[in-house]
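structure-v8.tsv (TSV, C-alpha atoms)
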```tsv
chain	number	residue	atom	x	y	z
A	1	MET	CA	0.00	0.00	0.00
A	2	THR	CA	1.26	3.49	-0.81
A	3	ASP	CA	1.49	6.37	1.64
A	4	TYR	CA	-1.44	8.26	0.08
A	5	ARG	CA	-4.94	7.04	-0.71
A	6	LEU	CA	-7.21	9.29	-2.74
A	7	PHE	CA	-10.91	8.48	-2.88
A	8	GLY	CA	-12.34	10.33	-5.86
A	9	ALA	CA	-14.44	10.24	-8.99
A	10	ASP	CA	-13.74	11.03	-12.61
A	11	THR	CA	-16.95	13.09	-12.55
A	12	SER	CA	-15.62	15.30	-9.71
A	13	PRO	CA	-13.46	18.30	-10.71
A	14	TYR	CA	-12.00	18.55	-7.23
A	15	SER	CA	-10.90	14.91	-7.40
A	16	LEU	CA	-9.11	15.58	-10.69
A	17	LYS	CA	-7.50	18.68	-9.18
A	18	VAL	CA	-5.93	16.68	-6.34
A	19	ARG	CA	-5.04	13.66	-8.47
A	20	ALA	CA	-3.15	15.84	-10.95
A	21	PHE	CA	-1.32	17.57	-8.08
A	22	LEU	CA	-0.20	14.25	-6.61
A	23	ARG	CA	1.07	13.23	-10.04
A	24	TYR	CA	2.91	16.53	-10.48
A	25	LYS	CA	4.64	16.04	-7.14
A	26	GLY	CA	5.69	12.54	-8.21
A	27	LEU	CA	4.01	10.94	-5.20
A	28	ALA	CA	2.90	7.32	-5.20
A	29	PHE	CA	-0.79	7.05	-4.34
A	30	ASP	CA	-3.74	4.74	-4.65
A	31	TRP	CA	-6.59	6.17	-6.71
A	32	ILE	CA	-9.84	4.71	-5.38
A	33	SER	CA	-12.81	5.48	-7.58
A	34	ARG	CA	-15.68	5.70	-5.14
A	35	SER	CA	-18.24	2.98	-5.77
A	36	ARG	CA	-20.61	0.64	-4.00
A	37	ALA	CA	-17.76	-1.85	-3.58
A	38	ASN	CA	-15.61	0.50	-1.48
A	39	GLU	CA	-18.35	2.57	0.20
A	40	ALA	CA	-17.73	1.06	3.63
A	41	ASP	CA	-14.04	1.96	3.40
A	42	PHE	CA	-14.93	5.48	2.28
A	43	GLN	CA	-17.44	6.01	5.09
A	44	ALA	CA	-14.93	4.76	7.66
A	45	ASN	CA	-12.59	7.59	6.64
A	46	ALA	CA	-15.13	10.31	5.83
A	47	GLN	CA	-15.58	13.23	8.16
A	48	ARG	CA	-18.82	15.17	8.41
A	49	VAL	CA	-19.67	15.10	4.70
A	50	ALA	CA	-19.89	12.20	2.27
A	51	THR	CA	-18.09	13.95	-0.57
A	52	VAL	CA	-15.00	13.32	-2.67
A	53	PRO	CA	-12.15	13.88	-2.88
A	54	LEU	CA	-11.02	12.32	0.36
A	55	LEU	CA	-7.28	12.09	0.96
A	56	VAL	CA	-5.73	9.72	3.49
A	57	SER	CA	-2.18	10.88	4.24
A	58	PRO	CA	0.68	9.28	6.20
A	59	ASN	CA	1.25	12.20	8.57
A	60	ARG	CA	-1.84	14.42	8.42
A	61	PRO	CA	-5.53	14.04	9.29
A	62	VAL	CA	-7.94	12.89	6.60
A	63	SER	CA	-8.99	15.83	4.42
A	64	GLN	CA	-11.96	16.45	2.12
A	65	ASP	CA	-11.02	20.02	1.15
A	66	SER	CA	-9.08	20.16	-2.12
A	67	THR	CA	-7.53	23.57	-1.39
A	68	ALA	CA	-6.28	22.41	2.00
A	69	MET	CA	-4.95	19.21	0.41
A	70	LEU	CA	-2.86	21.13	-2.13
A	71	SER	CA	-1.53	23.46	0.56
A	72	ALA	CA	-0.51	20.56	2.79
A	73	LEU	CA	1.08	18.61	-0.06
A	74	GLU	CA	3.04	21.69	-1.12
A	75	ALA	CA	4.31	22.16	2.44
A	76	ASP	CA	5.29	18.50	2.78
A	77	HIS	CA	6.74	18.15	-0.73
A	78	PRO	CA	7.96	21.57	-1.92
A	79	GLU	CA	9.62	20.24	-5.09
A	80	PRO	CA	8.71	20.53	-7.86
A	81	SER	CA	7.25	23.83	-6.71
A	82	ALA	CA	3.70	24.89	-7.48
A	83	VAL	CA	4.20	28.35	-5.95
A	84	PRO	CA	5.28	31.10	-8.38
A	85	ASP	CA	8.61	32.69	-7.52
A	86	ASP	CA	7.20	36.20	-7.96
A	87	PRO	CA	5.29	36.94	-4.70
A	88	ALA	CA	2.66	38.90	-6.64
A	89	CYS	CA	2.01	35.92	-8.91
A	90	ALA	CA	1.84	33.59	-5.91
A	91	VAL	CA	-1.04	35.63	-4.49
A	92	LEU	CA	-2.79	35.95	-7.86
A	93	ALA	CA	-2.62	32.16	-8.17
A	94	LEU	CA	-4.65	31.87	-4.95
A	95	VAL	CA	-7.26	34.26	-6.35
A	96	LEU	CA	-7.54	32.23	-9.54
A	97	GLU	CA	-7.72	28.96	-7.61
A	98	ASP	CA	-10.72	30.30	-5.72
A	99	TYR	CA	-12.27	31.51	-8.99
A	100	GLY	CA	-12.00	27.98	-10.38
A	101	ASP	CA	-13.32	26.28	-7.26
A	102	GLU	CA	-16.18	28.63	-6.45
A	103	TRP	CA	-17.27	30.37	-9.67
A	104	LEU	CA	-16.18	28.30	-12.66
A	105	ASN	CA	-17.63	25.28	-10.89
A	106	LYS	CA	-21.05	26.93	-11.09
A	107	CYS	CA	-20.61	27.29	-14.83
A	108	MET	CA	-19.61	23.64	-15.18
A	109	PHE	CA	-22.51	22.47	-13.02
A	110	GLN	CA	-24.97	24.58	-15.01
A	111	GLN	CA	-23.69	23.22	-18.33
A	112	ARG	CA	-23.83	19.62	-17.14
A	113	TRP	CA	-27.16	19.41	-15.37
A	114	SER	CA	-29.43	22.04	-16.92
A	115	GLN	CA	-29.63	20.75	-20.49
A	116	SER	CA	-29.86	17.71	-22.73
A	117	PRO	CA	-28.00	15.62	-23.83
A	118	ASP	CA	-25.35	16.63	-21.27
A	119	ARG	CA	-27.54	15.81	-18.26
A	120	GLU	CA	-28.38	12.27	-19.40
A	121	ALA	CA	-24.81	11.46	-20.44
A	122	ALA	CA	-23.42	12.70	-17.11
A	123	ALA	CA	-26.00	10.74	-15.12
A	124	LEU	CA	-24.98	7.54	-16.92
A	125	ARG	CA	-21.29	8.22	-16.14
A	126	VAL	CA	-22.13	8.66	-12.47
A	127	LEU	CA	-24.19	5.47	-12.44
A	128	THR	CA	-21.49	3.46	-14.21
A	129	GLN	CA	-18.91	4.66	-11.68
A	130	LEU	CA	-21.13	3.61	-8.77
A	131	TYR	CA	-21.30	0.11	-10.28
A	132	ASP	CA	-17.50	-0.20	-10.52
A	133	GLY	CA	-17.26	0.83	-14.16
A	134	LYS	CA	-20.01	-1.46	-15.43
A	135	ARG	CA	-23.36	-0.17	-16.59
A	136	PRO	CA	-26.15	-2.10	-14.82
A	137	ARG	CA	-28.66	-3.93	-17.00
A	138	ALA	CA	-31.74	-2.03	-15.87
A	139	TYR	CA	-30.20	1.41	-15.76
A	140	LYS	CA	-32.75	3.77	-17.30
A	141	ALA	CA	-34.76	4.47	-14.14
A	142	GLN	CA	-31.64	5.02	-12.05
A	143	GLN	CA	-30.13	7.24	-14.74
A	144	THR	CA	-33.27	9.38	-14.74
A	145	GLN	CA	-33.23	9.53	-10.94
A	146	ILE	CA	-29.66	10.83	-10.88
A	147	ALA	CA	-30.35	13.39	-13.59
A	148	GLU	CA	-33.44	14.71	-11.80
A	149	ARG	CA	-31.71	14.81	-8.41
A	150	MET	CA	-28.76	16.78	-9.76
A	151	ALA	CA	-30.95	19.15	-11.76
A	152	ALA	CA	-32.84	19.89	-8.55
A	153	ARG	CA	-29.56	21.07	-7.01
A	154	LEU	CA	-29.04	23.80	-9.61
A	155	PRO	CA	-30.67	26.55	-7.49
A	156	LEU	CA	-28.58	25.54	-4.45
A	157	VAL	CA	-25.35	26.46	-6.24
A	158	GLY	CA	-26.77	29.51	-7.98
A	159	ALA	CA	-26.94	27.80	-11.38
A	160	ASP	CA	-30.69	28.11	-11.87
A	161	ALA	CA	-32.49	29.48	-14.93
A	162	GLU	CA	-32.38	33.11	-13.77
A	163	ASN	CA	-28.57	33.03	-13.67
A	164	ARG	CA	-28.06	30.88	-16.76
A	165	GLU	CA	-27.15	33.65	-19.19
A	166	THR	CA	-24.63	35.19	-16.78
A	167	LEU	CA	-22.86	31.89	-16.15
A	168	ASP	CA	-22.91	30.85	-19.80
A	169	SER	CA	-21.33	34.06	-21.05
A	170	SER	CA	-18.89	34.08	-18.13
A	171	TRP	CA	-17.12	30.77	-18.76
A	172	ARG	CA	-16.98	31.32	-22.51
A	173	ARG	CA	-15.46	34.78	-22.05
A	174	PHE	CA	-12.91	33.40	-19.60
A	175	ALA	CA	-12.03	30.48	-21.90
A	176	LEU	CA	-11.32	32.82	-24.80
A	177	GLN	CA	-9.11	35.04	-22.65
A	178	LEU	CA	-7.30	32.04	-21.18
A	179	ASN	CA	-6.82	30.63	-24.67
A	180	ALA	CA	-5.08	33.86	-25.71
A	181	HIS	CA	-2.87	33.71	-22.62
A	182	LEU	CA	-1.89	30.07	-23.14
A	183	GLN	CA	-0.76	30.73	-26.69
A	184	ASP	CA	2.36	32.33	-25.21
A	185	HIS	CA	2.68	30.53	-21.87
A	186	LEU	CA	2.83	26.79	-21.09
A	187	PHE	CA	0.91	27.34	-17.84
A	188	ILE	CA	-0.88	30.34	-16.35
A	189	PHE	CA	2.21	31.65	-14.55
A	190	GLY	CA	4.90	30.44	-16.92
A	191	GLY	CA	6.75	27.17	-17.32
A	192	ARG	CA	5.21	25.21	-14.48
A	193	PRO	CA	1.73	24.84	-12.97
A	194	SER	CA	0.42	26.62	-9.89
A	195	VAL	CA	-2.66	25.90	-7.81
A	196	ALA	CA	-4.57	28.09	-10.29
A	197	ASP	CA	-3.82	25.66	-13.13
A	198	PHE	CA	-4.97	22.65	-11.13
A	199	ALA	CA	-8.25	24.27	-10.04
A	200	ILE	CA	-9.24	25.82	-13.36
A	201	ALA	CA	-8.14	22.94	-15.57
A	202	ALA	CA	-10.20	20.50	-13.48
A	203	GLN	CA	-13.38	22.45	-14.24
A	204	PHE	CA	-12.67	22.64	-17.96
A	205	GLN	CA	-11.72	18.95	-18.01
A	206	GLN	CA	-15.23	18.23	-16.76
A	207	MET	CA	-16.74	20.47	-19.45
A	208	LEU	CA	-14.80	18.50	-22.04
A	209	LEU	CA	-16.73	15.40	-20.94
A	210	ASP	CA	-20.07	17.10	-21.67
A	211	PRO	CA	-21.17	17.36	-25.32
A	212	THR	CA	-22.35	20.99	-25.43
A	213	PRO	CA	-19.39	22.78	-23.78
A	214	ALA	CA	-16.91	20.27	-25.26
A	215	ASP	CA	-17.95	21.12	-28.83
A	216	TRP	CA	-17.57	24.84	-28.13
A	217	LEU	CA	-14.19	24.50	-26.41
A	218	GLN	CA	-12.74	22.33	-29.15
A	219	ASP	CA	-13.84	24.84	-31.80
A	220	SER	CA	-13.08	28.09	-29.96
A	221	ALA	CA	-10.33	27.42	-27.40
A	222	PRO	CA	-7.85	24.84	-28.74
A	223	PHE	CA	-5.00	25.99	-26.48
A	224	VAL	CA	-7.23	25.50	-23.45
A	225	VAL	CA	-8.09	21.99	-24.65
A	226	ALA	CA	-4.40	21.11	-25.12
A	227	TRP	CA	-3.56	22.57	-21.70
A	228	CYS	CA	-6.33	20.49	-20.09
A	229	GLU	CA	-4.83	17.34	-21.60
A	230	HIS	CA	-1.39	18.33	-20.29
A	231	MET	CA	-2.83	19.05	-16.85
A	232	GLU	CA	-3.95	15.45	-16.40
A	233	ASP	CA	-0.32	14.57	-15.62
A	234	PRO	CA	1.61	17.86	-15.73
A	235	HIS	CA	5.36	18.32	-15.74
A	236	ALA	CA	7.37	21.49	-15.39
A	237	GLY	CA	8.65	22.77	-18.72
A	238	GLY	CA	10.63	25.71	-17.38
A	239	PRO	CA	10.67	28.31	-14.63
A	240	PHE	CA	7.83	30.51	-13.43
A	241	GLU	CA	7.72	33.95	-15.03
A	242	GLU	CA	7.57	37.41	-13.47
A	243	LEU	CA	4.26	39.31	-13.39
A	244	ALA	CA	5.62	41.89	-15.83
A	245	ALA	CA	6.13	39.19	-18.47
A	246	LEU	CA	2.59	37.83	-17.97
A	247	SER	CA	0.51	40.97	-17.53
A	248	GLU	CA	-0.39	41.65	-21.16
A	249	THR	CA	-2.64	38.58	-21.39
A	250	LEU	CA	-3.10	37.86	-17.66
A	251	ALA	CA	-4.63	41.26	-16.86
A	252	PRO	CA	-7.70	40.75	-19.15
A	253	LEU	CA	-8.60	37.60	-17.19
A	254	PHE	CA	-9.01	39.79	-14.12
A	255	ALA	CA	-10.28	43.01	-15.70
A	256	ASP	CA	-12.86	41.51	-18.06
A	257	GLU	CA	-13.92	38.41	-16.15
A	258	LEU	CA	-12.99	38.09	-12.47
A	259	SER	CA	-13.75	41.73	-11.67
A	260	ALA	CA	-17.03	41.49	-13.57
A	261	THR	CA	-18.39	38.25	-12.09
A	262	TYR	CA	-16.58	36.25	-9.43
A	263	LEU	CA	-15.18	39.08	-7.29
A	264	PRO	CA	-18.40	41.08	-6.84
A	265	TRP	CA	-20.25	37.79	-6.27
A	266	ALA	CA	-17.69	36.55	-3.72
A	267	SER	CA	-17.66	39.89	-1.92
A	268	ALA	CA	-21.47	39.97	-1.68
A	269	ASN	CA	-21.60	36.34	-0.56
A	270	ALA	CA	-19.00	36.98	2.15
A	271	ALA	CA	-20.98	39.99	3.40
A	272	SER	CA	-24.16	37.91	3.48
A	273	ALA	CA	-22.43	35.14	5.45
A	274	SER	CA	-21.02	37.63	7.95
A	275	ARG	CA	-24.57	38.89	8.58
A	276	ASP	CA	-25.89	35.31	8.81
A	277	LYS	CA	-28.29	35.88	5.90
A	278	ASN	CA	-29.70	32.97	3.92
A	279	ARG	CA	-29.83	34.69	0.52
A	280	PHE	CA	-28.10	37.57	-1.21
A	281	SER	CA	-27.90	39.33	-4.53
A	282	ALA	CA	-24.84	40.74	-6.27
A	283	THR	CA	-24.69	43.31	-9.04
A	284	LEU	CA	-22.40	41.87	-11.69
A	285	GLY	CA	-21.23	43.28	-14.98
A	286	ASP	CA	-24.30	42.10	-16.87
A	287	GLY	CA	-27.02	42.23	-14.20
A	288	VAL	CA	-28.13	40.98	-10.81
A	289	PHE	CA	-27.13	37.51	-9.61
A	290	GLU	CA	-29.14	36.04	-6.73
A	291	GLN	CA	-28.71	32.82	-4.79
A	292	SER	CA	-28.52	31.26	-1.34
A	293	THR	CA	-25.52	32.18	0.80
A	294	GLN	CA	-22.58	29.81	0.47
A	295	ARG	CA	-20.73	29.76	3.76
A	296	TYR	CA	-17.81	27.60	2.70
A	297	ALA	CA	-17.18	29.93	-0.24
A	298	ALA	CA	-17.25	32.86	2.18
A	299	ARG	CA	-14.56	31.25	4.34
A	300	ALA	CA	-12.44	30.53	1.29
A	301	PHE	CA	-12.76	34.13	0.12
A	302	ARG	CA	-11.71	35.40	3.54
A	303	ALA	CA	-8.52	33.37	3.17
A	304	VAL	CA	-7.90	34.99	-0.23
A	305	ARG	CA	-8.43	38.45	1.23
A	306	SER	CA	-6.03	37.59	4.06
A	307	ALA	CA	-3.32	36.69	1.54
A	308	ILE	CA	-3.90	40.03	-0.21
A	309	ALA	CA	-3.67	41.89	3.11
A	310	LYS	CA	-0.33	40.26	3.90
A	311	SER	CA	0.97	41.59	0.56
A	312	SER	CA	-0.21	45.16	1.03
A	313	ASP	CA	3.36	46.42	0.54
A	314	ASN	CA	3.83	44.59	-2.78
A	315	THR	CA	3.59	47.46	-5.24
A	316	ALA	CA	3.43	45.28	-8.35
A	317	LEU	CA	0.52	43.27	-6.94
A	318	GLN	CA	-1.39	46.30	-5.69
A	319	ASP	CA	-0.93	48.12	-9.01
A	320	PHE	CA	-2.16	45.04	-10.91
A	321	LEU	CA	-5.25	44.73	-8.71
A	322	GLU	CA	-5.99	48.45	-9.00
A	323	THR	CA	-5.60	48.50	-12.78
A	324	THR	CA	-7.80	45.45	-13.30
A	325	GLY	CA	-10.57	46.66	-10.97
A	326	ALA	CA	-10.03	43.81	-8.53
A	327	LYS	CA	-8.64	45.73	-5.57
A	328	LYS	CA	-11.94	47.14	-4.31
A	329	TYR	CA	-13.30	43.61	-3.82
A	330	LEU	CA	-10.16	42.08	-2.33
A	331	THR	CA	-9.17	44.67	0.29
```
I need this file expressed as structure tokens, please.
Amino acid sequence: MTDYRLFGADTSPYSLKVRAFLRYKGLAFDWISRSRANEADFQANAQRVATVPLLVSPNRPVSQDSTAMLSALEADHPEPSAVPDDPACAVLALVLEDYGDEWLNKCMFQQRWSQSPDREAAALRVLTQLYDGKRPRAYKAQQTQIAERMAARLPLVGADAENRETLDSSWRRFALQLNAHLQDHLFIFGGRPSVADFAIAAQFQQMLLDPTPADWLQDSAPFVVAWCEHMEDPHAGGPFEELAALSETLAPLFADELSATYLPWASANAASASRDKNRFSATLGDGVFEQSTQRYAARAFRAVRSAIAKSSDNTALQDFLETTGAKKYLT
């Protein structure tokens, strides 16, 4: 048995995020695709929630938080590094990781479960996984059950019909900007991946499994598609780059997308959580976005703001945030 055991699912972006990180670090691990056959083992290790990924480590408590997993793995195994050498880029990587985990995930979830044929195809993948990779004989009723149950969760994550247009335009806009950036850079911050690459690629890798977004990505964002393939088992191709060398194509990701959608949403959600409200609305670049308060996302955003606060004397970072319109949400 190896030192690490990762319970996950190929249908879970957070599972792919952690699996790719373990591969990048060159760590031996057991990948355990959660199914009926290993459910007892999973439940014996699970904490308060029955979600994947779940990482069993040799010297740390069991974790079910992908961001915490990457942070711990980086601390325990610093080489090859996933932290940009430029301190400003290191902080921006944390912002982009949170964007992938908390906002781009909404876009992925909306694409997968709100429309046909994506919904039915995804439900069958989930069902096949539960049966250890084999589709059960009488699967139609169970497939429909899964599809209906997941579609019912759309409002819980803010991916309901009222927010559909905002989310749909958001991920497409981001993909086009990222595609332009990746034409000149192997990874988001240069020659090796950061936590931002692992978080964002995992969401797009899921979209590439779903017919509707996959067709669009393959036609409109070929560099993103190639990067997603590379991110399944990434290897450093060179050093990280300085912010000055990245800004020309990195800044539009923040100015035109993060500052228009994720940051005002995250700021409003954090304010709602601090007031113990159940619902909130945020004014985004193209209208009002309303949903139930997400308390985990609020805690994650507080951690991002804390990292920004600790870098208040970094002129390059502060100038970048000011220029891209991000600073008012992050400080």
Given all atoms listed in the file, how would the per-residue table for segment 181-264 of chain A near segment 108-114 of chain A read, listing every residue at most 7 Å away with its closest atom pair and distance in Å to one decimal, sorted by chain and number, as JSON lines?
```
{"residue": "A:Gln203", "atom": "CA", "partner": "A:Met108", "partner_atom": "CA", "distance": 6.4}
{"residue": "A:Met207", "atom": "CA", "partner": "A:Met108", "partner_atom": "CA", "distance": 6.0}
{"residue": "A:Asp210", "atom": "CA", "partner": "A:Arg112", "partner_atom": "CA", "distance": 6.4}
{"residue": "A:Pro213", "atom": "CA", "partner": "A:Gln111", "partner_atom": "CA", "distance": 7.0}
```
Practice item. Please check which residues have atoms at most 10 Å from (-16.6, 34.1, -11.9) in the file's coordinates, counting all atoms listed in the file, and write them as an MDAnalysis selection string. Key: chainID A and resid 96 98:107 166:167 170:171 174 254 257:266 284
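Atom CA of Ala37 of chain A lies 28.0 Å from atom CA of Leu73 of chain A.
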Review point. Do you have the atom CA of Arg299 of chain A-atom CA of Ser267 of chain A distance handy?
Key: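 Atom-to-atom, atom CA of Arg299 of chain A and atom CA of Ser267 of chain A are spaced 11.1 Å apart.
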Practice item. Could you give me, as a list in words, the residues within 10 Å of Arg305 of chain A, counting all atoms listed in the file and dropping anything in the same chain fewer than 5 positions from it? Key: Val91, Leu94, Val95, Ser267, Arg299, Ala300, Lys310, Ser311, Lys327, Tyr329, Leu330 and Thr331 of chain A
Save out the residues we just selected, C-alpha atoms, as an mmCIF file, in the frame of the given file.
```cif
data_model
loop_
_atom_site.group_PDB
_atom_site.id
_atom_site.type_symbol
_atom_site.label_atom_id
_atom_site.label_comp_id
_atom_site.auth_asym_id
_atom_site.auth_seq_id
_atom_site.Cartn_x
_atom_site.Cartn_y
_atom_site.Cartn_z
ATOM 1 C CA VAL A 91 -1.040 35.630 -4.490
ATOM 2 C CA LEU A 94 -4.650 31.870 -4.950
ATOM 3 C CA VAL A 95 -7.260 34.260 -6.350
ATOM 4 C CA SER A 267 -17.660 39.890 -1.920
ATOM 5 C CA ARG A 299 -14.560 31.250 4.340
ATOM 6 C CA ALA A 300 -12.440 30.530 1.290
ATOM 7 C CA LYS A 310 -0.330 40.260 3.900
ATOM 8 C CA SER A 311 0.970 41.590 0.560
ATOM 9 C CA LYS A 327 -8.640 45.730 -5.570
ATOM 10 C CA TYR A 329 -13.300 43.610 -3.820
ATOM 11 C CA LEU A 330 -10.160 42.080 -2.330
ATOM 12 C CA THR A 331 -9.170 44.670 0.290
#
```
Check your understanding: Between A:Pro136, A:Pro234, A:Pro58, A:Gly285, which one has atoms that come closest to Arg192 of chain A, using all atoms listed in the file?
Key -> A:Pro234
Need to verify the contact set: Pro193 of chain A, 6 Å, all atoms listed in the file, exclusion of same-chain residues closer than 3 positions in sequence. Can you return it as a short mmCIF file (atom, residue, chain, number, x, y, z; two decimals) with C-alpha atoms, keeping the file's coordinate frame?
```cif
data_model
loop_
_atom_site.label_atom_id
_atom_site.label_comp_id
_atom_site.auth_asym_id
_atom_site.auth_seq_id
_atom_site.Cartn_x
_atom_site.Cartn_y
_atom_site.Cartn_z
CA ALA A 82 3.70 24.89 -7.48
CA PHE A 187 0.91 27.34 -17.84
CA ASP A 197 -3.82 25.66 -13.13
#
```
Exercise for review: Considering only C-alpha atoms, state which residue in the set A:Ala123, A:Asp85, A:Phe320, A:Val49 is at the smallest distance from Tyr139 of chain A.
Suggested key: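 Ranked by minimum distance to Tyr139 of chain A, first place goes to A:Ala123.
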For Ala122 of chain A, list every protein, DNA or RNA residue within 10 Å, evaluated using only C-alpha atoms, and leave out those in the same chain fewer than 5 positions away; present the list as a CSV table (one decimal) with C-alpha atoms, keeping the file's coordinate frame.
```csv
chain,number,residue,atom,x,y,z
A,11,THR,CA,-17.0,13.1,-12.6
A,112,ARG,CA,-23.8,19.6,-17.1
A,113,TRP,CA,-27.2,19.4,-15.4
A,116,SER,CA,-29.9,17.7,-22.7
A,117,PRO,CA,-28.0,15.6,-23.8
A,127,LEU,CA,-24.2,5.5,-12.4
A,128,THR,CA,-21.5,3.5,-14.2
A,143,GLN,CA,-30.1,7.2,-14.7
A,146,ILE,CA,-29.7,10.8,-10.9
A,147,ALA,CA,-30.4,13.4,-13.6
A,150,MET,CA,-28.8,16.8,-9.8
A,206,GLN,CA,-15.2,18.2,-16.8
A,209,LEU,CA,-16.7,15.4,-20.9
A,210,ASP,CA,-20.1,17.1,-21.7
A,211,PRO,CA,-21.2,17.4,-25.3
```
Check your understanding: Between A:Phe301, A:Trp227, A:Phe204, A:Phe189, which one has atoms that come closest to Leu243 of chain A, using all atoms listed in the file?
Key ->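 Counting all atoms listed in the file, the residue closest to Leu243 of chain A is A:Phe189.
By chain and then residue number, the residues within 10 Å of Glu74 of chain A are Phe21, Leu22, Lys25, Ala68, Met69, Leu70, Pro78, Glu79, Pro80, Ser81, Ala82, Val83 and Val195 of chain A, counting all atoms listed in the file and disregarding those fewer than 4 positions away in sequence.
You can rank A:Thr293, A:Arg23, A:Asp219, A:Gly8 by their closest distance to Asn278 of chain A using all atoms listed in the file, and at the top of that list sits A:Thr293.
Take the candidates A:Leu253, A:Gln142, A:Arg19, A:Val157 and check each one against Leu178 of chain A using all atoms listed in the file; the shortest distance goes to A:Leu253.
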Check your understanding: Of the candidates A:Arg135, A:Arg164, A:Arg173, A:His235, which shows the shortest atom-to-atom distance to Gly287 of chain A, using all atoms listed in the file?
Key -> A:Arg164
